[in-house]
>>> print(open('protein.txt').read())   # compact mmCIF, C-alpha atoms
# COMPACT_ATOMS: atom_id res chain seq x y z
CA MET A 1 70.39 79.08 -49.43
CA ARG A 2 72.25 77.70 -46.39
CA ASP A 3 74.83 76.29 -48.82
CA PHE A 4 75.90 79.90 -49.41
CA HIS A 5 76.52 80.71 -45.71
CA THR A 6 80.20 81.35 -46.30
CA THR A 7 83.00 83.86 -46.09
CA LEU A 8 83.45 85.66 -49.41
CA ILE A 9 86.59 87.62 -50.19
CA ILE A 10 87.07 88.79 -53.76
CA THR A 11 90.17 90.66 -54.88
CA LEU A 12 91.35 92.21 -58.08
CA ALA A 13 95.03 92.97 -58.68
CA ARG A 14 95.91 94.81 -61.87
CA PRO A 15 99.22 96.25 -62.95
CA MET A 16 98.82 99.81 -64.20
CA PRO A 17 100.66 101.42 -67.16
CA THR A 18 102.59 103.55 -64.64
CA GLY A 19 104.09 100.42 -63.05
CA SER A 20 101.91 100.65 -59.94
CA TRP A 21 99.33 98.08 -58.91
CA PHE A 22 95.62 98.72 -58.42
CA ILE A 23 94.28 96.28 -55.84
CA ALA A 24 90.63 96.13 -54.81
CA ALA A 25 88.66 93.87 -52.48
CA PHE A 26 85.06 93.09 -51.56
CA SER A 27 84.32 90.95 -48.54
CA VAL A 28 81.49 89.49 -46.52
CA GLY A 29 82.07 87.45 -43.38
CA ASP A 30 85.18 86.89 -41.35
CA GLY A 31 88.73 86.34 -42.50
CA GLY A 32 90.99 88.92 -44.07
CA ALA A 33 92.94 90.15 -47.05
CA ALA A 34 96.01 92.37 -47.01
CA VAL A 35 98.71 93.72 -49.28
CA ILE A 36 102.02 92.96 -47.55
CA GLY A 37 105.39 94.58 -48.14
CA VAL A 38 104.42 97.89 -49.65
CA PRO A 39 107.69 99.89 -50.03
CA ASP A 40 107.17 102.07 -46.96
CA GLY A 41 106.88 98.89 -44.88
CA ALA A 42 103.15 99.26 -44.43
CA THR A 43 100.55 96.60 -44.83
CA CYS A 44 97.28 97.57 -46.42
CA LEU A 45 94.33 95.73 -44.88
CA LEU A 46 91.66 95.31 -47.56
CA THR A 47 88.87 93.81 -45.45
CA GLN A 48 86.96 94.53 -42.29
CA PRO A 49 85.80 91.25 -40.75
CA ASP A 50 82.12 90.97 -39.93
CA GLY A 51 81.54 89.99 -36.35
CA GLY A 52 78.43 89.35 -34.38
CA GLU A 53 77.25 89.93 -30.88
CA PHE A 54 78.94 86.71 -29.71
CA ALA A 55 82.31 85.07 -30.42
CA GLY A 56 82.25 83.05 -33.61
CA GLN A 57 79.19 84.87 -34.93
CA THR A 58 79.43 86.45 -38.37
CA ILE A 59 77.42 87.73 -41.31
CA PHE A 60 76.90 85.74 -44.50
CA LEU A 61 76.29 86.70 -48.11
CA THR A 62 72.78 85.23 -47.87
CA MET A 63 71.68 87.71 -45.17
CA LYS A 64 69.49 90.44 -46.63
CA GLU A 65 71.25 93.29 -44.78
CA VAL A 66 74.53 92.59 -46.62
CA LEU A 67 73.41 93.87 -50.01
CA ALA A 68 70.37 95.92 -48.89
CA THR A 69 71.79 99.39 -49.58
CA GLY A 70 74.31 100.96 -51.90
CA GLU A 71 76.12 102.43 -48.89
CA GLY A 72 76.34 98.98 -47.30
CA ILE A 73 77.86 97.54 -50.46
CA MET A 74 80.31 100.44 -50.87
CA ASN A 75 81.48 100.02 -47.25
CA ARG A 76 82.61 96.51 -48.17
CA ILE A 77 84.81 97.69 -51.05
CA LYS A 78 88.39 98.73 -50.29
CA PHE A 79 91.17 99.57 -52.70
CA ALA A 80 94.80 100.58 -52.81
CA LEU A 81 97.22 101.87 -55.42
CA VAL A 82 100.72 100.67 -54.54
CA PRO A 83 104.01 100.98 -56.43
CA GLN A 84 104.93 97.37 -55.58
CA PHE A 85 104.28 94.71 -52.94
CA ASP A 86 105.61 91.41 -51.65
CA ALA A 87 102.32 89.52 -51.46
CA LEU A 88 98.56 89.79 -51.56
CA VAL A 89 97.25 87.29 -49.02
CA LEU A 90 93.63 86.24 -48.45
CA VAL A 91 92.67 83.98 -45.53
CA THR A 92 89.44 82.71 -44.06
CA ASP A 93 88.80 82.68 -40.32
CA GLY A 94 90.24 79.20 -39.79
CA ILE A 95 93.60 80.87 -40.44
CA SER A 96 92.99 84.47 -39.39
CA ASP A 97 91.55 83.62 -35.97
CA PRO A 98 94.58 81.65 -34.71
CA LYS A 99 97.18 83.81 -36.49
CA PHE A 100 95.62 87.16 -35.53
CA ASN A 101 94.05 86.80 -32.10
CA SER A 102 91.97 89.99 -32.37
CA GLU A 103 90.69 92.54 -34.87
CA VAL A 104 93.43 94.87 -33.61
CA ALA A 105 96.05 92.24 -34.52
CA LEU A 106 94.38 91.73 -37.91
CA ALA A 107 94.95 95.44 -38.62
CA ASP A 108 98.59 95.31 -37.41
CA PRO A 109 101.13 95.40 -40.28
CA ALA A 110 103.69 93.57 -38.13
CA ALA A 111 101.30 90.63 -37.65
CA TRP A 112 100.76 90.33 -41.42
CA GLN A 113 104.52 90.58 -41.99
CA GLU A 114 104.99 87.77 -39.46
CA LEU A 115 102.49 85.62 -41.37
CA TRP A 116 104.30 86.39 -44.65
CA THR A 117 107.64 85.49 -43.02
CA GLU A 118 106.11 82.10 -42.26
CA LEU A 119 104.54 81.62 -45.72
CA ARG A 120 107.24 83.05 -48.01
CA PRO A 121 109.66 80.08 -47.79
CA LEU A 122 106.78 77.70 -48.58
CA VAL A 123 105.98 79.59 -51.77
CA ALA A 124 109.44 80.73 -52.90
CA GLY A 125 111.18 77.45 -52.09
CA ALA A 126 108.63 75.22 -53.76
CA GLY A 127 110.09 75.15 -57.27
CA SER A 128 106.69 75.09 -59.00
CA ARG A 129 103.16 76.40 -58.53
CA ASP A 130 101.95 72.87 -57.78
CA GLY A 131 104.72 72.54 -55.20
CA ALA A 132 103.76 75.86 -53.61
CA ALA A 133 100.12 74.77 -53.47
CA ALA A 134 101.10 71.47 -51.83
CA SER A 135 103.31 73.29 -49.30
CA LEU A 136 100.53 75.71 -48.37
CA LEU A 137 98.03 72.87 -48.09
CA GLN A 138 100.33 71.02 -45.71
CA TRP A 139 100.99 74.22 -43.72
CA MET A 140 97.23 74.66 -43.20
CA ASN A 141 97.20 71.49 -41.08
CA PHE A 142 98.64 73.39 -38.08
CA PHE A 143 96.86 72.68 -34.80
CA SER A 144 95.00 75.42 -32.98
CA PRO A 145 92.23 74.44 -30.54
CA GLY A 146 88.84 75.63 -31.77
CA HIS A 147 90.21 76.91 -35.09
CA HIS A 148 90.28 73.86 -37.32
CA ASP A 149 87.57 74.51 -39.88
CA ASP A 150 87.14 76.84 -42.81
CA ARG A 151 90.80 77.07 -43.79
CA THR A 152 91.32 78.69 -47.15
CA ILE A 153 94.30 80.72 -48.30
CA ALA A 154 95.18 82.49 -51.54
CA VAL A 155 98.57 84.10 -52.16
CA LEU A 156 99.58 86.32 -55.04
CA CYS A 157 103.27 87.11 -55.23
CA GLU A 158 106.00 87.37 -57.79
CA THR A 159 108.11 84.24 -57.46
CA HIS A 160 108.73 83.28 -61.11
CA LEU A 161 107.51 79.73 -60.48
CA PRO A 162 106.90 77.71 -63.63
CA SER A 163 103.30 77.13 -64.61
CA PRO A 164 101.94 73.57 -64.59
CA SER A 165 102.40 71.82 -67.94
>>> encode(input="protein.txt", output="structure tokens")
Amino acid sequence: MRDFHTTLIITLARPMPTGSWFIAAFSVGDGGAAVIGVPDGATCLLTQPDGGEFAGQTIFLTMKEVLATGEGIMNRIKFALVPQFDALVLVTDGISDPKFNSEVALADPAAWQELWTELRPLVAGAGSRDGAAASLLQWMNFFSPGHHDDRTIAVLCETHLPSPS
């Protein structure tokens, strides 16, 4: 079971017949997911990181209290209906901890916009999905003392990059 001691962030993004997007998330552990660039300039945080009593402590999917009650499960589900967005970004704590130095910063739309300002040229300027993936992988090698493990990122955005052959 220890092999499943991990951050889990699941998202669903579905275009609706009205032209809006339905975006939902379920998360356990630390890290974060947000919808960036909603037309009113807001950022919609889709996760609430699980913290512990001490720094670096978190909750894992394998812990019985995570899925023990229906209310506990429902508290982990967030959703938004947005007319459009620039990006849906998911990051694990190896990225969120150094980029957002507190839970307050993680909830700050300006901090997410700053992250997107850093990531957007890597994705949009790549020329292909494989190129964007390689650029993001290289970007994840940034140095931050104490925040070098568990680096995962997923980005959904409309860039019209060609699919791999």
>>> closest_atom_pairs(input="protein.txt", of="range 68-99 of chain A", to="range 30-39 of chain A", cutoff="10 Å", atoms="all atoms listed in the file", output="tab-separated table")
residue	atom	partner	partner_atom	distance
A:Ala80	CA	A:Val35	CA	8.6
A:Val82	CA	A:Val38	CA	6.7
A:Pro83	CA	A:Val38	CA	7.5
A:Gln84	CA	A:Val38	CA	6.0
A:Phe85	CA	A:Val38	CA	4.6
A:Asp86	CA	A:Gly37	CA	4.7
A:Ala87	CA	A:Ile36	CA	5.2
A:Leu88	CA	A:Val35	CA	4.5
A:Val89	CA	A:Ala33	CA	5.5
A:Leu90	CA	A:Ala33	CA	4.2
A:Val91	CA	A:Gly32	CA	5.4
A:Thr92	CA	A:Gly31	CA	4.0
A:Asp93	CA	A:Gly31	CA	4.3
A:Gly94	CA	A:Gly31	CA	7.8
A:Ile95	CA	A:Gly31	CA	7.6
A:Ser96	CA	A:Gly31	CA	5.6
A:Asp97	CA	A:Gly31	CA	7.6
>>> write_last_selection(input="protein.txt", atoms="C-alpha atoms", output="JSON list (two decimals), in the coordinates of the input")
[["chain", "number", "residue", "atom", "x", "y", "z"],
["A", 80, "ALA", "CA", 94.80, 100.58, -52.81],
["A", 82, "VAL", "CA", 100.72, 100.67, -54.54],
["A", 83, "PRO", "CA", 104.01, 100.98, -56.43],
["A", 84, "GLN", "CA", 104.93, 97.37, -55.58],
["A", 85, "PHE", "CA", 104.28, 94.71, -52.94],
["A", 86, "ASP", "CA", 105.61, 91.41, -51.65],
["A", 87, "ALA", "CA", 102.32, 89.52, -51.46],
["A", 88, "LEU", "CA", 98.56, 89.79, -51.56],
["A", 89, "VAL", "CA", 97.25, 87.29, -49.02],
["A", 90, "LEU", "CA", 93.63, 86.24, -48.45],
["A", 91, "VAL", "CA", 92.67, 83.98, -45.53],
["A", 92, "THR", "CA", 89.44, 82.71, -44.06],
["A", 93, "ASP", "CA", 88.80, 82.68, -40.32],
["A", 94, "GLY", "CA", 90.24, 79.20, -39.79],
["A", 95, "ILE", "CA", 93.60, 80.87, -40.44],
["A", 96, "SER", "CA", 92.99, 84.47, -39.39],
["A", 97, "ASP", "CA", 91.55, 83.62, -35.97]]
>>> closest_residue(input="protein.txt", among="A:Ala24, A:Ala13, A:Leu106, A:Met74", to="Pro49 in chain A", atoms="only C-alpha atoms")
A:Leu106
>>> atom_distance(input="protein.txt", atom1="CA of Ser27 in chain A", atom2="CA of Leu12 in chain A")
11.9 Å
